[in-house]
file input.cif (mmCIF, C-alpha atoms (C1' of nucleotides))
data_coords
#
loop_
_atom_site.label_atom_id
_atom_site.label_comp_id
_atom_site.auth_asym_id
_atom_site.auth_seq_id
_atom_site.Cartn_x
_atom_site.Cartn_y
_atom_site.Cartn_z
CA MET A 604 -139.59 19.94 -49.21
CA SER A 605 -137.44 17.66 -51.18
CA THR A 606 -137.01 19.14 -54.62
CA GLN A 607 -138.16 15.78 -55.91
CA ARG A 608 -141.52 14.85 -57.27
CA SER A 609 -143.66 12.48 -55.24
CA ASP A 610 -143.79 9.68 -57.78
CA ALA A 611 -140.05 9.87 -58.14
CA ARG A 612 -139.64 9.42 -54.43
CA ARG A 613 -142.05 6.50 -54.43
CA ASN A 614 -140.27 4.79 -57.28
CA TYR A 615 -136.93 5.35 -55.60
CA GLN A 616 -138.13 3.54 -52.51
CA ARG A 617 -139.78 0.75 -54.41
CA ILE A 618 -136.69 0.16 -56.52
CA LEU A 619 -134.50 0.17 -53.47
CA GLU A 620 -136.63 -2.46 -51.74
CA VAL A 621 -136.62 -4.72 -54.75
CA ALA A 622 -132.90 -4.17 -55.25
CA GLU A 623 -132.17 -5.27 -51.71
CA ALA A 624 -133.93 -8.55 -52.27
CA GLU A 625 -132.43 -9.06 -55.66
CA VAL A 626 -128.88 -8.29 -54.56
CA ALA A 627 -129.31 -10.54 -51.56
CA ALA A 628 -130.33 -13.28 -53.94
CA HIS A 629 -127.89 -12.80 -56.78
CA GLY A 630 -125.02 -10.78 -55.39
CA ALA A 631 -123.43 -7.61 -56.66
CA ASP A 632 -124.16 -8.29 -60.30
CA ALA A 633 -127.88 -8.78 -60.06
CA SER A 634 -129.74 -7.82 -63.21
CA LEU A 635 -130.84 -4.21 -63.26
CA GLU A 636 -133.53 -5.04 -65.76
CA GLN A 637 -134.85 -7.74 -63.49
CA ILE A 638 -135.00 -5.25 -60.66
CA ALA A 639 -136.86 -2.82 -62.87
CA ARG A 640 -139.27 -5.51 -63.96
CA THR A 641 -140.26 -6.73 -60.53
CA ALA A 642 -140.41 -3.16 -59.29
CA GLY A 643 -142.87 -2.43 -62.05
CA VAL A 644 -140.87 0.41 -63.60
CA GLY A 645 -138.92 0.85 -66.79
CA SER A 646 -135.26 0.02 -66.70
CA ALA A 647 -134.51 3.63 -67.58
CA THR A 648 -136.09 4.72 -64.33
CA VAL A 649 -133.75 2.54 -62.35
CA ARG A 650 -130.75 4.09 -64.02
CA ARG A 651 -132.22 7.51 -63.57
CA HIS A 652 -132.28 7.07 -59.81
CA PHE A 653 -129.05 5.11 -59.62
CA PRO A 654 -126.81 6.19 -62.48
CA THR A 655 -124.28 3.47 -61.81
CA ARG A 656 -124.45 -0.01 -60.38
CA GLN A 657 -122.16 1.12 -57.63
CA ALA A 658 -124.61 3.86 -56.70
CA LEU A 659 -127.36 1.31 -56.32
CA LEU A 660 -125.18 -0.95 -54.20
CA THR A 661 -124.17 1.96 -52.01
CA ALA A 662 -127.82 2.75 -51.41
CA VAL A 663 -128.68 -0.88 -50.80
CA PHE A 664 -126.03 -1.28 -48.14
CA ARG A 665 -126.38 2.14 -46.57
CA GLU A 666 -128.35 0.83 -43.59
CA ARG A 667 -125.88 -1.87 -42.79
CA ILE A 668 -122.96 0.48 -43.16
CA GLU A 669 -124.58 2.93 -40.79
CA HIS A 670 -125.24 0.13 -38.37
CA LEU A 671 -121.57 -0.77 -38.46
CA ILE A 672 -120.60 2.83 -37.90
CA ALA A 673 -122.92 3.10 -34.93
CA TYR A 674 -121.48 -0.09 -33.54
CA ALA A 675 -117.99 1.31 -33.87
CA ASP A 676 -119.06 4.47 -32.08
CA GLY A 677 -120.42 2.43 -29.21
CA LEU A 678 -117.15 0.57 -28.93
CA ARG A 679 -115.06 3.72 -28.66
CA THR A 680 -115.52 3.87 -24.91
CA ALA A 681 -115.05 0.17 -24.25
CA ASP A 682 -112.66 -0.87 -21.51
CA ASP A 683 -110.34 -3.00 -23.56
CA SER A 684 -109.31 -1.22 -26.74
CA ARG A 685 -107.82 -4.36 -28.22
CA ALA A 686 -110.94 -6.42 -27.60
CA ALA A 687 -113.06 -3.60 -28.98
CA LEU A 688 -111.14 -3.51 -32.23
CA LEU A 689 -111.30 -7.27 -32.54
CA ASP A 690 -114.99 -7.22 -31.84
CA TRP A 691 -115.61 -4.66 -34.54
CA LEU A 692 -113.52 -6.50 -37.09
CA ARG A 693 -115.43 -9.68 -36.41
CA THR A 694 -118.72 -7.90 -36.88
CA LEU A 695 -117.50 -6.24 -40.04
CA LEU A 696 -116.37 -9.53 -41.46
CA ASP A 697 -119.63 -11.14 -40.49
CA TYR A 698 -121.53 -8.48 -42.41
CA ALA A 699 -119.25 -8.72 -45.41
CA VAL A 700 -119.57 -12.47 -45.59
CA SER A 701 -123.31 -12.77 -45.04
CA ALA A 702 -124.50 -9.86 -47.15
CA ARG A 703 -123.96 -10.89 -50.72
CA GLY A 704 -122.41 -8.14 -52.78
CA LEU A 705 -121.25 -6.01 -49.88
CA ALA A 706 -117.64 -7.02 -50.23
CA ASP A 707 -117.68 -6.34 -53.96
CA ALA A 708 -119.24 -2.96 -53.33
CA LEU A 709 -116.50 -2.12 -50.88
CA THR A 710 -113.67 -2.87 -53.27
CA TYR A 711 -114.89 -0.68 -56.04
CA GLU A 712 -114.29 2.73 -54.60
CA PRO A 713 -111.78 4.51 -56.65
CA PRO A 714 -112.40 5.25 -60.30
CA THR A 715 -111.62 8.96 -59.79
CA ASP A 716 -114.06 9.27 -56.93
CA ARG A 717 -114.01 12.97 -56.34
CA PRO A 718 -117.60 13.74 -55.41
CA ALA A 719 -118.14 10.68 -53.21
CA PRO A 720 -116.01 10.99 -50.11
CA HIS A 721 -118.84 9.41 -48.11
CA SER A 722 -119.20 6.27 -50.15
CA CYS A 723 -119.42 3.00 -48.28
CA GLY A 724 -115.77 2.23 -47.89
CA THR A 725 -114.54 5.66 -46.94
CA THR A 726 -117.11 6.09 -44.19
CA LEU A 727 -116.32 2.66 -42.85
CA GLU A 728 -112.66 3.54 -42.70
CA SER A 729 -113.28 6.69 -40.74
CA ALA A 730 -115.53 4.76 -38.41
CA GLY A 731 -112.84 2.22 -37.72
CA ALA A 732 -110.10 4.80 -37.42
CA PRO A 733 -110.75 5.81 -33.78
CA LEU A 734 -110.87 2.21 -32.63
CA LEU A 735 -107.64 1.52 -34.42
CA ALA A 736 -105.98 4.66 -33.10
CA ARG A 737 -106.85 3.78 -29.55
CA ALA A 738 -105.53 0.25 -29.95
CA VAL A 739 -102.34 1.58 -31.47
CA HIS A 740 -101.99 4.05 -28.62
CA ASP A 741 -102.35 1.17 -26.16
CA LYS A 742 -99.49 -0.58 -28.00
CA THR A 743 -101.59 -3.58 -28.91
CA VAL A 744 -101.45 -2.92 -32.62
CA ASN A 745 -98.60 -2.19 -34.96
CA PRO A 746 -98.57 1.56 -35.69
CA ASP A 747 -98.14 1.17 -39.43
CA VAL A 748 -101.61 -0.30 -39.77
CA THR A 749 -104.04 2.10 -41.39
CA PRO A 750 -107.84 2.04 -41.25
CA HIS A 751 -107.76 1.35 -44.93
CA ASP A 752 -105.73 -1.80 -44.29
CA LEU A 753 -108.37 -3.01 -41.86
CA ILE A 754 -111.16 -2.73 -44.38
CA THR A 755 -109.17 -4.10 -47.27
CA LEU A 756 -108.02 -7.16 -45.41
CA THR A 757 -111.45 -7.95 -44.12
CA VAL A 758 -113.00 -7.48 -47.52
CA GLY A 759 -110.30 -9.66 -48.98
CA ILE A 760 -111.18 -12.51 -46.66
CA ALA A 761 -114.82 -12.13 -47.53
CA LEU A 762 -114.11 -12.15 -51.25
CA ALA A 763 -111.77 -15.10 -51.13
CA THR A 764 -114.13 -17.29 -49.12
CA GLU A 765 -117.27 -16.31 -50.97
CA HIS A 766 -117.36 -19.32 -53.27
CA HIS A 767 -116.17 -21.86 -50.76
CA ALA A 768 -118.12 -24.54 -48.98
CA SER A 769 -118.80 -22.85 -45.63
CA PRO A 770 -117.74 -19.23 -45.95
CA THR A 771 -118.62 -18.13 -42.44
CA THR A 772 -116.59 -20.66 -40.51
CA GLU A 773 -113.67 -20.38 -42.85
CA ALA A 774 -113.76 -16.60 -42.78
CA THR A 775 -113.71 -16.44 -39.00
CA HIS A 776 -110.84 -18.87 -38.95
CA LEU A 777 -108.91 -16.74 -41.41
CA LEU A 778 -109.61 -13.60 -39.42
CA HIS A 779 -108.18 -15.34 -36.42
CA LEU A 780 -105.04 -16.17 -38.34
CA LEU A 781 -104.85 -12.63 -39.63
CA THR A 782 -105.06 -11.02 -36.24
CA THR A 783 -102.78 -13.47 -34.52
CA GLY A 784 -100.20 -13.48 -37.29
CA LEU A 785 -99.52 -16.12 -39.88
CA ILE A 786 -95.76 -16.21 -39.47
CA PRO A 787 -94.72 -14.16 -36.46
CA ALA A 788 -91.35 -12.48 -36.37
CA PRO A 789 -88.36 -14.76 -35.68
CA GLY A 790 -88.03 -13.82 -32.04
CA ALA A 791 -91.05 -15.92 -31.05
CA MET B 1345 -100.42 -39.91 -81.12
CA SER B 1346 -102.97 -37.71 -79.54
CA THR B 1347 -106.43 -38.90 -80.49
CA GLN B 1348 -107.06 -35.36 -81.61
CA ARG B 1349 -107.21 -34.07 -85.13
CA SER B 1350 -104.43 -31.77 -86.28
CA ASP B 1351 -106.58 -28.74 -86.97
CA ALA B 1352 -108.14 -29.13 -83.54
CA ARG B 1353 -104.72 -29.02 -81.94
CA ARG B 1354 -103.77 -25.99 -83.96
CA ASN B 1355 -106.93 -24.15 -83.03
CA TYR B 1356 -106.46 -25.06 -79.40
CA GLN B 1357 -103.03 -23.46 -79.38
CA ARG B 1358 -104.13 -20.42 -81.28
CA ILE B 1359 -107.08 -19.84 -78.99
CA LEU B 1360 -104.90 -20.26 -75.94
CA GLU B 1361 -102.42 -17.66 -77.17
CA VAL B 1362 -105.13 -15.15 -77.91
CA ALA B 1363 -106.83 -15.91 -74.62
CA GLU B 1364 -103.64 -15.17 -72.70
CA ALA B 1365 -103.41 -11.74 -74.24
CA GLU B 1366 -107.08 -11.03 -73.84
CA VAL B 1367 -107.20 -12.13 -70.22
CA ALA B 1368 -104.10 -10.14 -69.47
CA ALA B 1369 -105.84 -7.12 -70.93
CA HIS B 1370 -109.36 -7.52 -69.57
CA GLY B 1371 -109.10 -9.85 -66.62
CA ALA B 1372 -111.01 -12.99 -65.81
CA ASP B 1373 -114.16 -11.93 -67.58
CA ALA B 1374 -112.71 -11.22 -70.99
CA SER B 1375 -115.14 -11.78 -73.82
CA LEU B 1376 -115.06 -15.29 -75.19
CA GLU B 1377 -116.53 -14.09 -78.45
CA GLN B 1378 -113.78 -11.50 -78.73
CA ILE B 1379 -111.19 -14.20 -78.20
CA ALA B 1380 -112.83 -16.32 -80.88
CA ARG B 1381 -112.93 -13.36 -83.26
CA THR B 1382 -109.27 -12.39 -83.00
CA ALA B 1383 -108.28 -16.04 -83.08
CA GLY B 1384 -110.14 -16.36 -86.34
CA VAL B 1385 -112.43 -19.16 -85.20
CA GLY B 1386 -116.09 -19.46 -84.43
CA SER B 1387 -117.15 -18.89 -80.85
CA ALA B 1388 -118.44 -22.45 -80.77
CA THR B 1389 -114.93 -23.72 -81.33
CA VAL B 1390 -113.70 -21.88 -78.28
CA ARG B 1391 -116.35 -23.47 -76.14
CA ARG B 1392 -115.65 -26.83 -77.69
CA HIS B 1393 -112.06 -26.70 -76.51
CA PHE B 1394 -112.78 -24.98 -73.22
CA PRO B 1395 -116.27 -25.96 -72.11
CA THR B 1396 -116.29 -23.50 -69.26
CA ARG B 1397 -114.66 -20.16 -68.67
CA GLN B 1398 -112.88 -21.66 -65.72
CA ALA B 1399 -111.37 -24.31 -67.98
CA LEU B 1400 -109.96 -21.63 -70.23
CA LEU B 1401 -108.52 -19.70 -67.29
CA THR B 1402 -106.96 -22.86 -65.91
CA ALA B 1403 -105.25 -23.45 -69.23
CA VAL B 1404 -104.17 -19.84 -69.51
CA PHE B 1405 -102.50 -19.85 -66.12
CA ARG B 1406 -101.11 -23.36 -66.25
CA GLU B 1407 -97.58 -22.21 -67.02
CA ARG B 1408 -97.45 -19.75 -64.19
CA ILE B 1409 -98.92 -22.24 -61.77
CA GLU B 1410 -96.31 -24.78 -62.73
CA HIS B 1411 -93.64 -22.17 -62.31
CA LEU B 1412 -94.89 -21.50 -58.81
CA ILE B 1413 -94.90 -25.19 -58.03
CA ALA B 1414 -91.35 -25.58 -59.27
CA TYR B 1415 -90.30 -22.62 -57.17
CA ALA B 1416 -91.87 -24.20 -54.11
CA ASP B 1417 -90.03 -27.43 -54.81
CA GLY B 1418 -86.75 -25.59 -54.99
CA LEU B 1419 -87.47 -23.97 -51.65
CA ARG B 1420 -88.11 -27.27 -49.87
CA THR B 1421 -84.47 -27.72 -49.09
CA ALA B 1422 -83.74 -24.13 -48.08
CA ASP B 1423 -81.88 -23.53 -44.85
CA ASP B 1424 -84.46 -21.37 -43.14
CA SER B 1425 -87.90 -22.91 -43.40
CA ARG B 1426 -89.57 -19.75 -42.19
CA ALA B 1427 -87.83 -17.58 -44.73
CA ALA B 1428 -88.61 -20.10 -47.43
CA LEU B 1429 -92.30 -20.02 -46.71
CA LEU B 1430 -92.29 -16.24 -46.61
CA ASP B 1431 -90.42 -16.13 -49.87
CA TRP B 1432 -92.91 -18.39 -51.55
CA LEU B 1433 -95.88 -16.46 -50.25
CA ARG B 1434 -94.42 -13.24 -51.56
CA THR B 1435 -93.87 -14.76 -54.97
CA LEU B 1436 -97.35 -16.21 -55.00
CA LEU B 1437 -98.84 -12.86 -54.10
CA ASP B 1438 -96.76 -11.15 -56.71
CA TYR B 1439 -98.09 -13.49 -59.37
CA ALA B 1440 -101.66 -13.13 -58.16
CA VAL B 1441 -101.48 -9.36 -58.20
CA SER B 1442 -99.71 -8.87 -61.50
CA ALA B 1443 -101.51 -11.50 -63.57
CA ARG B 1444 -105.00 -10.21 -64.15
CA GLY B 1445 -107.61 -12.87 -63.59
CA LEU B 1446 -105.39 -15.30 -61.75
CA ALA B 1447 -106.84 -14.49 -58.37
CA ASP B 1448 -110.38 -14.83 -59.67
CA ALA B 1449 -109.51 -18.14 -61.26
CA LEU B 1450 -108.15 -19.37 -57.94
CA THR B 1451 -111.31 -18.60 -55.99
CA TYR B 1452 -113.65 -20.47 -58.25
CA GLU B 1453 -112.67 -24.03 -57.52
CA PRO B 1454 -115.54 -25.79 -56.00
CA PRO B 1455 -118.82 -26.17 -57.82
CA THR B 1456 -118.83 -29.94 -57.25
CA ASP B 1457 -115.33 -30.34 -58.59
CA ARG B 1458 -115.02 -34.10 -58.67
CA PRO B 1459 -113.06 -34.71 -61.84
CA ALA B 1460 -110.63 -31.82 -61.41
CA PRO B 1461 -108.42 -32.52 -58.42
CA HIS B 1462 -105.52 -30.94 -60.28
CA SER B 1463 -107.14 -27.60 -61.00
CA CYS B 1464 -105.07 -24.52 -60.33
CA GLY B 1465 -105.88 -24.01 -56.67
CA THR B 1466 -105.60 -27.58 -55.53
CA THR B 1467 -102.19 -28.12 -57.08
CA LEU B 1468 -100.96 -24.87 -55.60
CA GLU B 1469 -102.11 -25.99 -52.19
CA SER B 1470 -100.25 -29.26 -52.41
CA ALA B 1471 -97.17 -27.39 -53.61
CA GLY B 1472 -97.28 -25.10 -50.60
CA ALA B 1473 -98.06 -27.88 -48.16
CA PRO B 1474 -94.49 -29.17 -47.67
CA LEU B 1475 -93.15 -25.68 -47.10
CA LEU B 1476 -95.86 -25.05 -44.56
CA ALA B 1477 -95.36 -28.40 -42.88
CA ARG B 1478 -91.68 -27.77 -42.43
CA ALA B 1479 -92.28 -24.32 -41.02
CA VAL B 1480 -94.86 -25.73 -38.63
CA HIS B 1481 -92.47 -28.44 -37.59
CA ASP B 1482 -89.84 -25.80 -36.86
CA LYS B 1483 -92.40 -24.07 -34.62
CA THR B 1484 -92.36 -20.87 -36.63
CA VAL B 1485 -95.95 -21.20 -37.78
CA ASN B 1486 -99.13 -21.90 -35.92
CA PRO B 1487 -100.07 -25.56 -36.47
CA ASP B 1488 -103.71 -24.86 -37.27
CA VAL B 1489 -102.79 -23.15 -40.49
CA THR B 1490 -103.65 -25.23 -43.53
CA PRO B 1491 -102.24 -24.95 -47.05
CA HIS B 1492 -105.70 -23.90 -48.13
CA ASP B 1493 -105.56 -20.98 -45.71
CA LEU B 1494 -102.32 -19.83 -47.29
CA ILE B 1495 -103.78 -19.71 -50.76
CA THR B 1496 -107.07 -18.21 -49.70
CA LEU B 1497 -105.50 -15.40 -47.74
CA THR B 1498 -103.09 -14.51 -50.49
CA VAL B 1499 -105.81 -14.57 -53.10
CA GLY B 1500 -107.95 -12.45 -50.81
CA ILE B 1501 -105.29 -9.77 -50.64
CA ALA B 1502 -104.91 -9.82 -54.39
CA LEU B 1503 -108.65 -9.53 -54.94
CA ALA B 1504 -109.12 -6.76 -52.44
CA THR B 1505 -106.32 -4.60 -53.79
CA GLU B 1506 -107.08 -5.23 -57.44
CA HIS B 1507 -109.02 -2.02 -57.99
CA HIS B 1508 -106.89 0.21 -55.82
CA ALA B 1509 -104.39 2.83 -56.84
CA SER B 1510 -101.11 0.91 -56.54
CA PRO B 1511 -102.01 -2.73 -55.96
CA THR B 1512 -98.48 -4.08 -55.76
CA THR B 1513 -97.19 -1.87 -52.98
CA GLU B 1514 -100.38 -2.12 -51.02
CA ALA B 1515 -100.51 -5.88 -51.43
CA THR B 1516 -96.99 -6.40 -50.16
CA HIS B 1517 -97.74 -4.18 -47.21
CA LEU B 1518 -100.84 -6.20 -46.40
CA LEU B 1519 -98.94 -9.44 -46.69
CA HIS B 1520 -96.46 -8.08 -44.22
CA LEU B 1521 -99.27 -7.28 -41.81
CA LEU B 1522 -100.78 -10.68 -42.36
CA THR B 1523 -97.62 -12.59 -41.60
CA THR B 1524 -96.61 -10.45 -38.69
CA GLY B 1525 -100.07 -10.35 -37.17
CA LEU B 1526 -102.58 -7.55 -37.13
CA ILE B 1527 -103.45 -7.71 -33.47
CA PRO B 1528 -101.10 -10.08 -31.67
CA ALA B 1529 -102.22 -12.00 -28.63
CA PRO B 1530 -102.45 -9.99 -25.38
CA GLY B 1531 -99.26 -11.35 -23.91
CA ALA B 1532 -97.11 -9.23 -26.25
"C1'" DC C 1164 -157.79 24.55 -64.36
"C1'" DA C 1165 -154.16 24.87 -67.38
"C1'" DC C 1166 -149.49 24.80 -68.34
"C1'" DG C 1167 -144.42 23.75 -67.92
"C1'" DA C 1168 -141.18 20.85 -66.27
"C1'" DA C 1169 -140.00 16.63 -64.25
"C1'" DA C 1170 -140.27 11.95 -64.52
"C1'" DC C 1171 -141.48 7.97 -66.96
"C1'" DG C 1172 -140.99 3.87 -70.04
"C1'" DG C 1173 -140.89 1.77 -74.55
"C1'" DC C 1174 -137.93 0.96 -78.30
"C1'" DG C 1175 -133.82 -0.04 -81.00
"C1'" DG C 1176 -128.78 -0.86 -81.01
"C1'" DG C 1177 -124.89 -3.43 -79.55
"C1'" DG C 1178 -122.85 -7.27 -76.93
"C1'" DC C 1179 -122.53 -11.51 -74.78
"C1'" DC C 1180 -123.36 -16.45 -73.99
"C1'" DC C 1181 -125.40 -20.59 -75.49
"C1'" DG C 1182 -127.26 -24.55 -78.38
"C1'" DC C 1183 -128.44 -26.36 -82.81
"C1'" DC C 1184 -127.14 -28.30 -87.22
"C1'" DG C 1185 -125.66 -28.21 -91.90
"C1'" DT C 1186 -121.00 -28.12 -93.89
"C1'" DT C 1187 -116.14 -28.65 -94.29
"C1'" DT C 1188 -111.91 -31.10 -93.30
"C1'" DA C 1189 -108.59 -34.36 -91.71
"C1'" DC C 1190 -107.59 -39.06 -91.18
"C1'" DC C 1191 -107.55 -44.12 -92.46
"C1'" DG C 1192 -108.22 -48.18 -94.96
"C1'" DT C 1193 -108.38 -50.07 -99.37
"C1'" DA D 763 -104.59 -42.29 -104.91
"C1'" DC D 764 -108.92 -41.92 -103.31
"C1'" DG D 765 -113.24 -42.24 -101.24
"C1'" DG D 766 -115.90 -42.63 -96.92
"C1'" DT D 767 -116.68 -41.43 -92.17
"C1'" DA D 768 -116.50 -39.22 -88.10
"C1'" DA D 769 -114.47 -35.32 -86.02
"C1'" DA D 770 -114.27 -30.61 -86.01
"C1'" DC D 771 -115.91 -26.35 -87.55
"C1'" DG D 772 -118.69 -22.00 -87.69
"C1'" DG D 773 -122.85 -19.47 -88.83
"C1'" DC D 774 -127.34 -18.53 -87.12
"C1'" DG D 775 -131.10 -17.54 -83.96
"C1'" DG D 776 -132.76 -17.06 -79.18
"C1'" DG D 777 -132.41 -15.06 -74.75
"C1'" DC D 778 -130.63 -11.81 -71.65
"C1'" DC D 779 -128.32 -7.61 -70.55
"C1'" DC D 780 -126.89 -2.70 -70.55
"C1'" DC D 781 -127.38 1.73 -72.66
"C1'" DG D 782 -129.28 6.10 -74.92
"C1'" DC D 783 -132.95 8.38 -77.24
"C1'" DC D 784 -137.39 10.66 -77.25
"C1'" DG D 785 -142.28 10.90 -77.35
"C1'" DT D 786 -145.70 10.65 -73.59
"C1'" DT D 787 -147.64 10.81 -69.07
"C1'" DT D 788 -147.99 12.87 -64.61
"C1'" DC D 789 -147.11 15.92 -60.90
"C1'" DG D 790 -147.05 20.43 -58.91
"C1'" DT D 791 -148.15 25.20 -59.19
"C1'" DG D 792 -149.81 29.72 -60.46
#
call {"tool": "encode", "arguments": {"input": "input.cif", "output": "structure tokens"}}
result
Amino acid sequence: MSTQRSDARRNYQRILEVAEAEVAAHGADASLEQIARTAGVGSATVRRHFPTRQALLTAVFRERIEHLIAYADGLRTADDSRAALLDWLRTLLDYAVSARGLADALTYEPPTDRPAPHSCGTTLESAGAPLLARAVHDKTVNPDVTPHDLITLTVGIALATEHHASPTTEATHLLHLLTTGLIPAPGA
Amino acid sequence: MSTQRSDARRNYQRILEVAEAEVAAHGADASLEQIARTAGVGSATVRRHFPTRQALLTAVFRERIEHLIAYADGLRTADDSRAALLDWLRTLLDYAVSARGLADALTYEPPTDRPAPHSCGTTLESAGAPLLARAVHDKTVNPDVTPHDLITLTVGIALATEHHASPTTEATHLLHLLTTGLIPAPGA
DNA sequence: CACGAAACGGCGGGGCCCGCCGTTTACCGT
DNA sequence: ACGGTAAACGGCGGGCCCCGCCGTTTCGTG
């Protein structure tokens, strides 16, 4: 079926498994050579399957991204559009904070990204878009907020808290501030 | 005066100058060896003056940090405490976005940072604290916002927009969203 | 079973960071 | 003015990493 040879497919899987562990342990800049070594393949093979580090990260996080997309889909029919959006953002942030390297992977989209319109970030944005649109339609969210803004802000929180003492608690706190507004408009 | 030898002082300055340029060009992970090379010193000398990369970055950004602190001081007596805080945040963000590496330097405070209570981030936080306190006192800002939150959120925006198409415009937009509130409380 | 192409992986080059250690250089006291 | 000493220097080698090349193995197929 797949135009790929069987050993190639096997190596691909093996590398991916090892990469998941390694990225979880060392973050987005885990050593490719180390991955190759513990996967029992040459480092060239790793780069053959994943030409760029970003490609590897995308593959590593694919499952989680899809999970997030599915979650967003489920939330589309929720009663309270505002709560749904909040819920999704919290989940997204939780993922970004707990999965080392995810946030970094999400920031690195655009070095002339023509042939990758379904890379991590873009798909996430289109998954969040309906939730956002509905919330905007219900007047609970400012209309000049774009899906892109959602992702970027969340990723930003994750990145900024990454090296702190207790990232999770701090991140949730910051998300709260973000949603509620740091310095509301004067008429408050 | 200084217990330091004259050549040491000279090298220190020279390295610092080169480092500024190099960091401006290549961000927080500029090559230390490259800096040493164009400064005309051995790489060991660089590490002798700046034991860690973070130390070098701190020195590189010292001026700007102090400028920000001075600006905050000037704003302490402004008429409108809310506007003052906003003004400072905007300036801070502007610095963080335009000076490559600054944001990264600000996230990396705490690997058991005992003897460095006046590292970039900490001093910035104490500079912002009075502005924040006054704004809180005037009821224009939620009281559970800490100075640390201010810095972290701003840095987060800078980090997340760093690799995007037009960081500055996007960053200011995001700051606007942040201050005004992404998803205000239900009673809106 | 044999053959062609796909896939592999070892090797060398270049770079970076780091620590060691012999050498130079500035300072100070005589 | 000068010599001694400690501070400061910088070259070198080791370890790790990423990258590209290219001869070799291995899979799939006719």
call {"tool": "resolve_selection", "arguments": {"input": "input.cif", "expression": "the PyMOL selection byres ((chain B and resi 1429-1437) around 8)", "output": "MDAnalysis selection string"}}
result
(chainID A and resid 786) or (chainID B and resid 1412 1415:1416 1419 1425:1428 1438:1441 1475:1476 1479 1494 1498:1499 1501:1502 1515:1516 1519)
call {"tool": "resolve_selection", "arguments": {"input": "input.cif", "expression": "the PyMOL selection byres ((chain D) within 9 of (chain A))", "output": "ChimeraX atom specification"}}
result
/D:779-781,788-790
call {"tool": "interface_residues", "arguments": {"input": "input.cif", "of": "chain A", "to": "chain B", "cutoff": "6 Å", "atoms": "only C-alpha atoms", "output": "PyMOL selection string"}}
result
chain A and resi 744+755+759-760+763+781-787
call {"tool": "atom_distance", "arguments": {"input": "input.cif", "atom1": "atom CA of Glu669 of chain A", "atom2": "atom CA of Asp632 of chain A"}}
result
22.5 Å
call {"tool": "closest_residue", "arguments": {"input": "input.cif", "among": "A:Ala639, A:Ala730, A:Val644, A:Ala681", "to": "chain C", "atoms": "all atoms listed in the file"}}
result
A:Val644
call {"tool": "closest_atom_pairs", "arguments": {"input": "input.cif", "of": "chain C", "to": "chain A", "cutoff": "8 Å", "atoms": "only C-alpha atoms (C1' of nucleotides)", "output": "CSV"}}
result
residue,atom,partner,partner_atom,distance
C:DA1169,C1',A:Arg608,CA,7.4
C:DA1170,C1',A:Ala611,CA,6.7
C:DC1171,C1',A:Thr648,CA,6.8
C:DG1172,C1',A:Gly645,CA,4.9
call {"tool": "write_last_selection", "arguments": {"input": "input.cif", "atoms": "C-alpha atoms (C1' of nucleotides)", "output": "PDB file, in the coordinates of the input"}}
result
ATOM      1  C1'  DA C1169    -140.000  16.630 -64.250  1.00  0.00           C
ATOM      2  C1'  DA C1170    -140.270  11.950 -64.520  1.00  0.00           C
ATOM      3  C1'  DC C1171    -141.480   7.970 -66.960  1.00  0.00           C
ATOM      4  C1'  DG C1172    -140.990   3.870 -70.040  1.00  0.00           C
TER       5       DG C1172
END
call {"tool": "residues_around", "arguments": {"input": "input.cif", "residues": "DG776 of chain D", "least_positions_apart": "3", "cutoff": "12 Å", "atoms": "all atoms listed in the file", "output": "ChimeraX atom specification"}}
result
/C:1180-1183
call {"tool": "write_last_selection", "arguments": {"input": "input.cif", "atoms": "C-alpha atoms (C1' of nucleotides)", "output": "mmCIF file, keeping the file's coordinate frame"}}
result
data_model
loop_
_atom_site.group_PDB
_atom_site.id
_atom_site.type_symbol
_atom_site.label_atom_id
_atom_site.label_comp_id
_atom_site.auth_asym_id
_atom_site.auth_seq_id
_atom_site.Cartn_x
_atom_site.Cartn_y
_atom_site.Cartn_z
ATOM 1 C "C1'" DC C 1180 -123.360 -16.450 -73.990
ATOM 2 C "C1'" DC C 1181 -125.400 -20.590 -75.490
ATOM 3 C "C1'" DG C 1182 -127.260 -24.550 -78.380
ATOM 4 C "C1'" DC C 1183 -128.440 -26.360 -82.810
#
call {"tool": "closest_residue", "arguments": {"input": "input.cif", "among": "B:Asp1424, B:Cys1464, B:Ala1414, B:His1370", "to": "Ala1399 of chain B", "atoms": "all atoms listed in the file"}}
result
B:Cys1464
call {"tool": "resolve_selection", "arguments": {"input": "input.cif", "expression": "the PyMOL selection byres ((chain A and resi 623-628) around 10)", "output": "PyMOL selection string"}}
result
chain A and resi 618-622+629-635+637-638+641+659-660+662-664+701-705
call {"tool": "atom_distance", "arguments": {"input": "input.cif", "atom1": "atom CA of Thr1512 of chain B", "atom2": "atom CA of Thr1490 of chain B"}}
result
25.0 Å
call {"tool": "atom_distance", "arguments": {"input": "input.cif", "atom1": "atom C1' of DC764 of chain D", "atom2": "atom C1' of DC1184 of chain C"}}
result
27.9 Å
